[in-house]
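Next comes model-v1.txt, with compact mmCIF, C-alpha atoms and all ligand atoms.
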```
# COMPACT_ATOMS: atom_id res chain seq x y z
CA MET A 1 78.42 128.84 117.07
CA ASP A 2 76.55 129.63 113.84
CA ARG A 3 72.94 128.82 112.91
CA ARG A 4 73.76 125.33 111.66
CA GLY A 5 75.19 124.56 115.08
CA GLU A 6 78.73 124.61 113.73
CA GLY A 7 81.27 125.86 116.23
CA ILE A 8 85.00 126.32 116.48
CA GLY A 9 85.57 122.63 117.29
CA ASP A 10 83.74 121.53 114.15
CA ARG A 11 85.66 124.01 112.04
CA TYR A 12 88.97 122.96 113.63
CA HIS A 13 88.36 119.33 112.71
CA GLN A 14 87.31 120.15 109.15
CA GLU A 15 90.12 122.61 108.53
CA THR A 16 92.87 120.37 109.85
CA LYS A 17 91.98 117.31 107.78
CA TYR A 18 94.74 115.98 105.55
CA ARG A 19 93.52 116.05 101.97
CA ARG A 20 95.41 114.57 99.04
CA GLU A 21 94.98 117.73 96.96
CA ALA A 22 96.12 120.10 99.69
CA MET A 23 98.89 118.54 101.73
CA PRO A 24 101.21 120.97 103.52
CA ARG A 25 104.31 121.64 101.44
CA GLY A 26 107.88 122.48 102.27
CA GLY A 27 110.51 120.72 104.34
CA LEU A 28 111.13 121.08 108.03
CA ASP A 29 113.11 124.03 109.34
CA TRP A 30 115.70 122.00 111.25
CA ALA A 31 117.60 125.11 112.30
CA HIS A 32 114.59 126.24 114.30
CA GLN A 33 113.34 123.04 115.83
CA PRO A 34 112.21 123.85 119.39
CA PRO A 35 114.29 122.18 122.11
CA PRO A 36 112.85 118.80 123.13
CA TYR A 37 113.44 119.31 126.85
CA LYS A 38 112.25 122.03 129.18
CA GLU A 39 114.86 123.15 131.66
CA PHE A 40 114.47 125.29 134.72
CA PRO A 41 117.26 127.70 135.59
CA PHE A 42 116.48 127.26 139.28
CA ALA A 43 115.58 124.28 141.43
CA LEU A 44 114.91 124.32 145.14
CA LYS A 45 115.94 120.67 145.26
CA HIS A 46 116.10 117.78 142.85
CA PHE A 47 115.44 114.10 143.37
CA SER A 48 116.56 111.39 140.98
CA ILE A 49 113.82 108.89 140.29
CA ARG A 50 114.53 105.29 141.31
CA PRO A 51 115.45 102.72 138.66
CA ALA A 52 112.24 101.22 137.38
CA GLU A 53 111.19 97.60 137.64
CA GLN A 54 111.04 96.29 134.09
CA LYS A 55 110.42 92.60 134.65
CA GLY A 56 107.75 90.56 136.32
CA GLY A 57 104.81 92.17 138.06
CA GLN A 58 101.15 91.63 137.41
CA SER A 59 100.24 90.39 133.93
CA LEU A 60 99.19 92.94 131.35
CA TRP A 61 95.94 91.09 130.71
CA GLU A 62 94.96 91.08 134.39
CA THR A 63 95.89 94.72 134.61
CA ILE A 64 93.70 95.67 131.64
CA ALA A 65 90.83 93.65 133.08
CA GLN A 66 91.19 95.33 136.50
CA ARG A 67 91.70 98.94 135.40
CA ARG A 68 88.97 101.28 136.66
CA SER A 69 88.83 104.96 137.49
CA ILE A 70 89.29 105.22 141.25
CA ARG A 71 88.28 108.49 142.84
CA GLU A 72 88.44 107.73 146.55
CA PHE A 73 91.81 107.60 148.22
CA SER A 74 92.99 106.81 151.74
CA ASN A 75 95.28 109.27 153.50
CA GLN A 76 98.17 106.80 153.29
CA SER A 77 101.15 108.01 151.24
CA ILE A 78 102.45 106.25 148.18
CA THR A 79 106.15 105.40 148.24
CA TYR A 80 108.84 107.22 146.30
CA SER A 81 109.63 103.95 144.49
CA GLU A 82 106.00 103.66 143.37
CA LEU A 83 106.00 107.25 142.14
CA SER A 84 109.29 106.63 140.29
CA GLN A 85 107.76 103.59 138.61
CA LEU A 86 104.72 105.62 137.47
CA ILE A 87 106.92 108.38 136.09
CA TRP A 88 109.12 105.95 134.23
CA ALA A 89 106.12 104.09 132.82
CA THR A 90 104.57 107.28 131.49
CA GLN A 91 107.59 109.30 130.40
CA GLY A 92 110.79 107.32 130.90
CA ILE A 93 113.35 107.04 128.10
CA THR A 94 113.36 103.46 126.87
CA LEU A 95 115.53 103.63 123.75
CA ARG A 96 118.33 105.86 122.49
CA ALA A 97 118.73 105.39 118.73
CA TRP A 98 119.07 107.39 115.48
CA GLY A 99 119.59 110.61 117.41
CA TYR A 100 116.28 110.24 119.29
CA GLU A 101 115.45 109.48 122.86
CA PHE A 102 112.30 107.40 122.61
CA ARG A 103 109.98 107.21 125.59
CA ALA A 104 107.68 104.64 127.14
CA SER A 105 104.62 106.41 125.70
CA PRO A 106 104.40 107.06 121.96
CA SER A 107 104.42 110.57 120.48
CA ALA A 108 103.58 111.82 116.99
CA GLY A 109 106.84 112.36 115.10
CA ALA A 110 108.77 111.55 118.32
CA LEU A 111 108.42 115.26 119.13
CA TYR A 112 107.27 114.79 122.75
CA PRO A 113 105.34 118.02 123.33
CA ILE A 114 104.02 116.84 126.73
CA GLU A 115 105.66 118.01 129.96
CA THR A 116 104.91 116.44 133.34
CA TYR A 117 104.36 118.41 136.53
CA LEU A 118 103.42 116.81 139.81
CA VAL A 119 101.42 118.23 142.64
CA VAL A 120 102.67 116.11 145.51
CA ASN A 121 100.33 115.93 148.46
CA ARG A 122 101.64 112.81 150.24
CA VAL A 123 104.59 110.83 148.89
CA ASP A 124 107.17 109.21 151.22
CA GLU A 125 110.64 110.79 151.21
CA ILE A 126 109.82 113.97 149.28
CA PRO A 127 108.15 117.12 150.62
CA PRO A 128 104.70 118.25 149.41
CA GLY A 129 104.93 120.76 146.62
CA LEU A 130 105.02 121.38 142.90
CA TYR A 131 107.56 119.44 140.86
CA HIS A 132 108.57 119.26 137.22
CA TYR A 133 109.86 116.00 135.83
CA SER A 134 113.08 116.42 133.87
CA VAL A 135 112.96 113.58 131.34
CA LYS A 136 116.55 114.20 130.30
CA GLU A 137 117.98 114.02 133.81
CA ALA A 138 115.40 111.52 135.16
CA GLN A 139 114.93 113.88 138.08
CA LEU A 140 112.08 115.58 139.86
CA ILE A 141 112.76 119.29 140.20
CA LEU A 142 111.10 120.92 143.20
CA LEU A 143 109.70 124.25 141.94
CA LYS A 144 107.57 125.24 144.93
CA GLU A 145 107.37 123.69 148.37
CA GLY A 146 104.03 123.53 150.19
CA ARG A 147 100.53 122.17 149.92
CA LEU A 148 98.89 122.87 146.59
CA GLY A 149 96.20 120.19 146.88
CA SER A 150 93.38 122.59 147.63
CA GLU A 151 94.38 124.95 144.78
CA ILE A 152 94.47 122.13 142.24
CA CYS A 153 91.15 120.79 143.59
CA GLN A 154 89.51 124.21 143.10
CA ALA A 155 91.06 124.49 139.63
CA GLY A 156 89.68 121.01 138.88
CA LEU A 157 86.07 122.11 139.34
CA GLY A 158 86.23 121.20 143.04
CA GLN A 159 86.77 117.46 142.38
CA GLU A 160 87.89 116.35 145.83
CA MET A 161 89.97 113.43 144.61
CA LEU A 162 92.54 116.01 143.48
CA GLU A 163 93.09 117.07 147.08
CA GLU A 164 92.83 113.54 148.54
CA ALA A 165 95.24 111.97 146.01
CA SER A 166 98.82 111.28 147.05
CA CYS A 167 99.87 113.13 143.95
CA VAL A 168 98.37 114.65 140.84
CA PHE A 169 100.09 114.45 137.48
CA VAL A 170 99.54 117.66 135.53
CA TRP A 171 100.38 117.31 131.87
CA THR A 172 101.04 120.37 129.76
CA ALA A 173 102.01 120.70 126.12
CA ILE A 174 104.64 122.96 124.63
CA VAL A 175 102.64 123.57 121.50
CA GLU A 176 105.47 124.74 119.25
CA ARG A 177 107.30 121.42 119.58
CA SER A 178 104.52 119.77 117.64
CA LYS A 179 103.43 122.78 115.55
CA TRP A 180 106.94 123.04 114.16
CA LYS A 181 106.10 119.97 112.09
CA TYR A 182 102.33 119.61 112.06
CA ARG A 183 101.18 123.23 112.10
CA GLU A 184 97.53 123.62 113.14
CA ARG A 185 97.01 119.85 113.09
CA ALA A 186 99.39 119.72 116.06
CA TYR A 187 96.59 120.07 118.60
CA ARG A 188 95.10 116.77 117.47
CA TYR A 189 98.41 115.02 118.14
CA ILE A 190 98.93 116.74 121.46
CA TYR A 191 95.64 115.32 122.73
CA MET A 192 96.42 111.89 121.30
CA ASP A 193 99.87 111.92 122.91
CA VAL A 194 98.51 112.84 126.31
CA GLY A 195 95.78 110.23 126.00
CA HIS A 196 98.44 107.56 125.59
CA ILE A 197 100.25 108.85 128.64
CA GLY A 198 97.02 108.87 130.64
CA GLN A 199 96.27 105.25 129.78
CA THR A 200 99.80 104.22 130.68
CA LEU A 201 99.38 105.92 134.05
CA TYR A 202 96.11 104.02 134.61
CA LEU A 203 97.71 100.67 133.76
CA ALA A 204 100.89 101.27 135.75
CA ALA A 205 98.91 102.42 138.80
CA THR A 206 96.59 99.40 138.53
CA ALA A 207 99.56 97.02 138.32
CA LEU A 208 100.91 98.57 141.54
CA ASN A 209 97.52 98.24 143.27
CA LEU A 210 97.16 102.02 143.32
CA GLY A 211 94.06 103.97 142.37
CA CYS A 212 94.05 106.42 139.47
CA CYS A 213 91.60 108.73 137.75
CA THR A 214 92.39 111.02 134.86
CA VAL A 215 90.67 114.40 134.76
CA GLY A 216 89.79 116.51 131.75
CA ALA A 217 87.39 118.84 133.56
CA PHE A 218 89.30 121.81 134.92
CA PHE A 219 89.52 125.58 134.65
CA ASP A 220 92.40 125.80 132.22
CA GLY A 221 93.61 129.21 133.34
CA GLU A 222 93.57 128.21 137.00
CA VAL A 223 95.61 125.06 136.39
CA ASP A 224 98.01 127.06 134.21
CA ARG A 225 98.48 129.57 137.03
CA ALA A 226 98.87 126.91 139.71
CA ILE A 227 101.81 125.36 137.89
CA GLY A 228 103.20 128.56 136.37
CA VAL A 229 102.67 128.17 132.62
CA ASP A 230 101.38 130.88 130.28
CA GLY A 231 98.41 128.96 128.82
CA LYS A 232 99.39 129.83 125.26
CA ASN A 233 102.86 128.56 124.42
CA GLU A 234 102.56 125.94 127.12
CA ILE A 235 99.04 124.74 127.89
CA SER A 236 97.60 122.47 130.57
CA VAL A 237 95.93 119.53 128.85
CA TYR A 238 95.13 116.71 131.30
CA LEU A 239 95.43 115.66 134.94
CA GLY A 240 95.84 112.29 136.61
CA ALA A 241 95.18 111.70 140.30
CA VAL A 242 96.91 108.78 142.01
CA GLY A 243 96.67 107.38 145.53
CA ARG A 244 95.99 104.32 147.63
CA PRO A 245 92.39 103.23 147.11
CA ARG A 246 90.21 103.80 150.17
C1 LIG B 301 89.54 112.35 128.59
C2 LIG B 301 88.98 111.92 129.92
C3 LIG B 301 88.58 112.87 130.82
C4 LIG B 301 88.07 112.48 132.07
N1 LIG B 301 87.75 113.44 133.00
C5 LIG B 301 87.27 113.07 134.19
C6 LIG B 301 86.95 114.04 135.17
O1 LIG B 301 87.15 115.23 134.99
N2 LIG B 301 86.45 113.60 136.35
C7 LIG B 301 86.25 112.28 136.62
O2 LIG B 301 85.78 111.95 137.71
N3 LIG B 301 86.55 111.32 135.70
C8 LIG B 301 87.06 111.68 134.51
N4 LIG B 301 87.42 110.73 133.60
C9 LIG B 301 87.23 109.29 133.90
C10 LIG B 301 85.97 108.75 133.19
O3 LIG B 301 84.82 109.23 133.83
C11 LIG B 301 86.03 107.22 133.22
O4 LIG B 301 87.11 106.78 132.44
C12 LIG B 301 84.74 106.62 132.67
O5 LIG B 301 83.66 106.85 133.55
C13 LIG B 301 84.86 105.11 132.46
O6 LIG B 301 85.17 104.47 133.70
P1 LIG B 301 86.51 103.59 133.90
O7 LIG B 301 87.69 104.50 133.67
O8 LIG B 301 86.44 103.11 135.31
O9 LIG B 301 86.48 102.49 132.90
C14 LIG B 301 87.96 111.10 132.38
C15 LIG B 301 88.37 110.14 131.44
C16 LIG B 301 88.89 110.54 130.24
C17 LIG B 301 89.37 109.47 129.26
```
Conversion result in structure tokens:
Amino acid sequence: MDRRGEGIGDRYHQETKYRREAMPRGGLDWAHQPPPYKEFPFALKHFSIRPAEQKGGQSLWETIAQRRSIREFSNQSITYSELSQLIWATQGITLRAWGYEFRASPSAGALYPIETYLVVNRVDEIPPGLYHYSVKEAQLILLKEGRLGSEICQAGLGQEMLEEASCVFVWTAIVERSKWKYRERAYRYIYMDVGHIGQTLYLAATALNLGCCTVGAFFDGEVDRAIGVDGKNEISVYLGAVGRPR
């Protein structure tokens, strides 16, 4: 931070403004567009998510009116169908058209830099562990079996809800997917994208009578390590705890 109180965040915002006289030039390098889906060469097990309910349910207006951050959870599991519904609502593919696979949550340029990992503490039918959600296959990929609740709680500044939750969504961004088009401005869009996903998780959880709280306060490096990303090319950006309200 300099003497005027201007720090890296201030400079980032100023230097990534679009200005009429200095718009980025040049077309997109289609030959080098990063792949839109992350794939794992190994999987201990995989679980297809259940088909999502797309009709009926609680009204949107009631859901918006009821939504609150809930930080206290009972030790009752959520069901696999409920988890499937939350995953679909946040990241499911809802339209295939014009060579794109559009998802339930919007994304700048339809580039979808956000990846979803899940720390499962207590969900019926699937073992506790670390999962990655394969959007393309609509499957949860078990990466590591075991209880990671305490590790993610410590990484999340000791916020106990992260250990008490039935599961914790951990959203990362593969920065190059967005940088390929937006260069340094990409970070703005990454945070906007994940904000949309977070709100969708809140609303979907509320409509299912589940509790949810998103979390931006965490030791980045510790969350990166817990889920196995390098913190540079793929960065942890946001968490969302879900469970049955106490
Ligand atoms: C970007 C962001 C980060 C947040 N991080 C945390 C957090 O680390 N811990 C927490 O308890 N709540 C966190 N929250 C939840 C806010 O505290 C909560 O949304 C706010 O108090 C308003 O309450 P409401 O969500 O019930 O309307 C976060 C919310 C947002 C949008």
*So what do you get for atom C13 of ligand LIG 301 (chain B) versus CA of Leu111 (chain A), distance-wise?*
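About the pair atom C13 of ligand LIG 301 (chain B) and CA of Leu111 (chain A): they are 28.9 Å apart.
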*For Ala186 (chain A), which residue among A:Arg71, A:Lys17, A:Arg225, A:Arg96 is the nearest when counting all atoms listed in the file?*
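Looking only at the distances to Ala186 (chain A), the closest residue turns out to be A:Lys17.
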_Residue with smallest distance to Gly146 (chain A) - pool A:His132, A:Arg122, A:His196, A:Arg4, counting only C-alpha atoms_ =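 Smallest separation from Gly146 (chain A) among the options: A:Arg122.
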*For Pro106 (chain A), list every protein, DNA or RNA residue within 10 Å, evaluated using only C-alpha atoms, and leave out those in the same chain fewer than 6 positions away; present the list as number ranges by chain.*
A: 90-91, 112, 192-194, 196-197
*Could you jot down the CA of Tyr182 (chain A) to CA of Leu201 (chain A) separation for me, Å, one decimal place?*
26.1 Å
*Determine, counting all atoms listed in the file, which protein, DNA and RNA residues have an atom within 12 Å of an atom of Ala65 (chain A); residues of the same chain fewer than 4 positions away are not included. Present the result as a VMD selection string.*
chain A and resid 58 to 61 202 to 203 206 to 207
*asked:* With distances taken over only C-alpha atoms, which residue among A:Phe219, A:Tyr238, A:Trp88, A:Tyr187 lies nearest Gly9 (chain A)?
replied: A:Tyr187
*asked:* What's the separation between CA of Pro128 (chain A) and CA of Ala217 (chain A), in Å to one decimal place?
replied: 23.5 Å
*asked:* Restricting the calculation to all atoms listed in the file: of A:Thr63, A:Ser77, A:Asn121, A:Ser69, which residue gets closest to ligand LIG 301 (chain B)?
replied: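 Once distances to ligand LIG 301 (chain B) are computed over all atoms listed in the file, the minimum belongs to A:Ser69.
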*asked:* Distance limit 9 Å, reference ligand LIG 301 (chain B), atoms considered: all atoms listed in the file. Which residues make the cut? Give them as number ranges by chain.
replied: A: 67-71, 156-157, 159, 161, 191, 195, 198-199, 202, 212-218, 238-240
Please produce a file of the residues just selected, as a CSV table (one decimal), in the coordinates of the input, where the atoms kept are C-alpha atoms.
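Once written, out33.csv looks like this:
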```
chain,number,residue,atom,x,y,z
A,67,ARG,CA,91.7,98.9,135.4
A,68,ARG,CA,89.0,101.3,136.7
A,69,SER,CA,88.8,105.0,137.5
A,70,ILE,CA,89.3,105.2,141.2
A,71,ARG,CA,88.3,108.5,142.8
A,156,GLY,CA,89.7,121.0,138.9
A,157,LEU,CA,86.1,122.1,139.3
A,159,GLN,CA,86.8,117.5,142.4
A,161,MET,CA,90.0,113.4,144.6
A,191,TYR,CA,95.6,115.3,122.7
A,195,GLY,CA,95.8,110.2,126.0
A,198,GLY,CA,97.0,108.9,130.6
A,199,GLN,CA,96.3,105.2,129.8
A,202,TYR,CA,96.1,104.0,134.6
A,212,CYS,CA,94.0,106.4,139.5
A,213,CYS,CA,91.6,108.7,137.8
A,214,THR,CA,92.4,111.0,134.9
A,215,VAL,CA,90.7,114.4,134.8
A,216,GLY,CA,89.8,116.5,131.8
A,217,ALA,CA,87.4,118.8,133.6
A,218,PHE,CA,89.3,121.8,134.9
A,238,TYR,CA,95.1,116.7,131.3
A,239,LEU,CA,95.4,115.7,134.9
A,240,GLY,CA,95.8,112.3,136.6
```
*Neighbours of Asn75 (chain A) within 12 Å (all atoms listed in the file; same-chain residues fewer than 6 positions away dropped), as number ranges by chain?*
A: 121-123, 161, 163-167, 242-246
*Write out as an MDAnalysis selection string the residues lying within 6 Å of region 173-179 of chain A, counting all atoms listed in the file and excluding same-chain residues fewer than 5 positions away.*
chainID A and resid 34 113:115 186 233:235
_Which residue is closest to Tyr117 (chain A)? Choose from A:Thr79, A:Gln66, A:Ser236, A:Gln14 and count all atoms listed in the file._
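Using all atoms listed in the file, Tyr117 (chain A) sits closest to A:Ser236.
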_I'd like the contact shell of Gly92 (chain A) - 7 Å cut-off, all atoms listed in the file, skipping same-chain residues fewer than 4 positions apart - returned as a list in words._
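My reading of the contact set: Ile87, Trp88, Arg103, Ala104 and Val135 of chain A.
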*asked:* With distances taken over all atoms listed in the file, which residue among A:Lys136, A:Leu210, A:Arg11, A:Thr172 lies nearest Ile190 (chain A)?
replied: A:Thr172
Build an axis-aligned box that encloses every atom of region 228-232 of chain A listed in the file, pad it by 6 Å on each side, and report its centre and edge lengths in Å to one decimal, as JSON.
```
{"center_x": 100.8, "center_y": 129.5, "center_z": 130.8, "size_x": 16.8, "size_y": 14.7, "size_z": 23.1}
```
Filled-in N, CA and C atoms of region 63-79 of chain A, supplied as a CSV table (one decimal), in the coordinates of the input:
```
chain,number,residue,atom,x,y,z
A,63,THR,N,95.9,93.3,134.3
A,63,THR,CA,95.9,94.7,134.6
A,63,THR,C,94.8,95.4,133.8
A,64,ILE,N,94.7,95.1,132.5
A,64,ILE,CA,93.7,95.7,131.6
A,64,ILE,C,92.3,95.3,132.2
A,65,ALA,N,92.1,94.1,132.6
A,65,ALA,CA,90.8,93.6,133.1
A,65,ALA,C,90.5,94.4,134.4
A,66,GLN,N,91.5,94.7,135.2
A,66,GLN,CA,91.2,95.3,136.5
A,66,GLN,C,91.1,96.8,136.4
A,67,ARG,N,91.6,97.5,135.4
A,67,ARG,CA,91.7,98.9,135.4
A,67,ARG,C,90.3,99.6,135.5
A,68,ARG,N,90.2,100.5,136.5
A,68,ARG,CA,89.0,101.3,136.7
A,68,ARG,C,89.4,102.7,137.1
A,69,SER,N,88.5,103.6,136.9
A,69,SER,CA,88.8,105.0,137.5
A,69,SER,C,88.5,104.9,139.0
A,70,ILE,N,89.5,105.2,139.8
A,70,ILE,CA,89.3,105.2,141.2
A,70,ILE,C,89.4,106.7,141.7
A,71,ARG,N,88.3,107.1,142.4
A,71,ARG,CA,88.3,108.5,142.8
A,71,ARG,C,88.3,108.7,144.3
A,72,GLU,N,88.4,107.6,145.1
A,72,GLU,CA,88.4,107.7,146.6
A,72,GLU,C,89.7,107.2,147.1
A,73,PHE,N,90.5,108.0,147.8
A,73,PHE,CA,91.8,107.6,148.2
A,73,PHE,C,91.9,107.7,149.7
A,74,SER,N,92.7,106.8,150.3
A,74,SER,CA,93.0,106.8,151.7
A,74,SER,C,94.0,107.9,152.0
A,75,ASN,N,94.3,108.2,153.3
A,75,ASN,CA,95.3,109.3,153.5
A,75,ASN,C,96.7,108.7,153.7
A,76,GLN,N,96.8,107.4,153.3
A,76,GLN,CA,98.2,106.8,153.3
A,76,GLN,C,99.0,107.3,152.1
A,77,SER,N,100.3,107.6,152.3
A,77,SER,CA,101.2,108.0,151.2
A,77,SER,C,101.4,106.9,150.3
A,78,ILE,N,101.8,107.3,149.0
A,78,ILE,CA,102.4,106.2,148.2
A,78,ILE,C,104.0,106.4,148.4
A,79,THR,N,104.7,105.4,148.0
A,79,THR,CA,106.2,105.4,148.2
A,79,THR,C,106.8,106.1,147.1
```
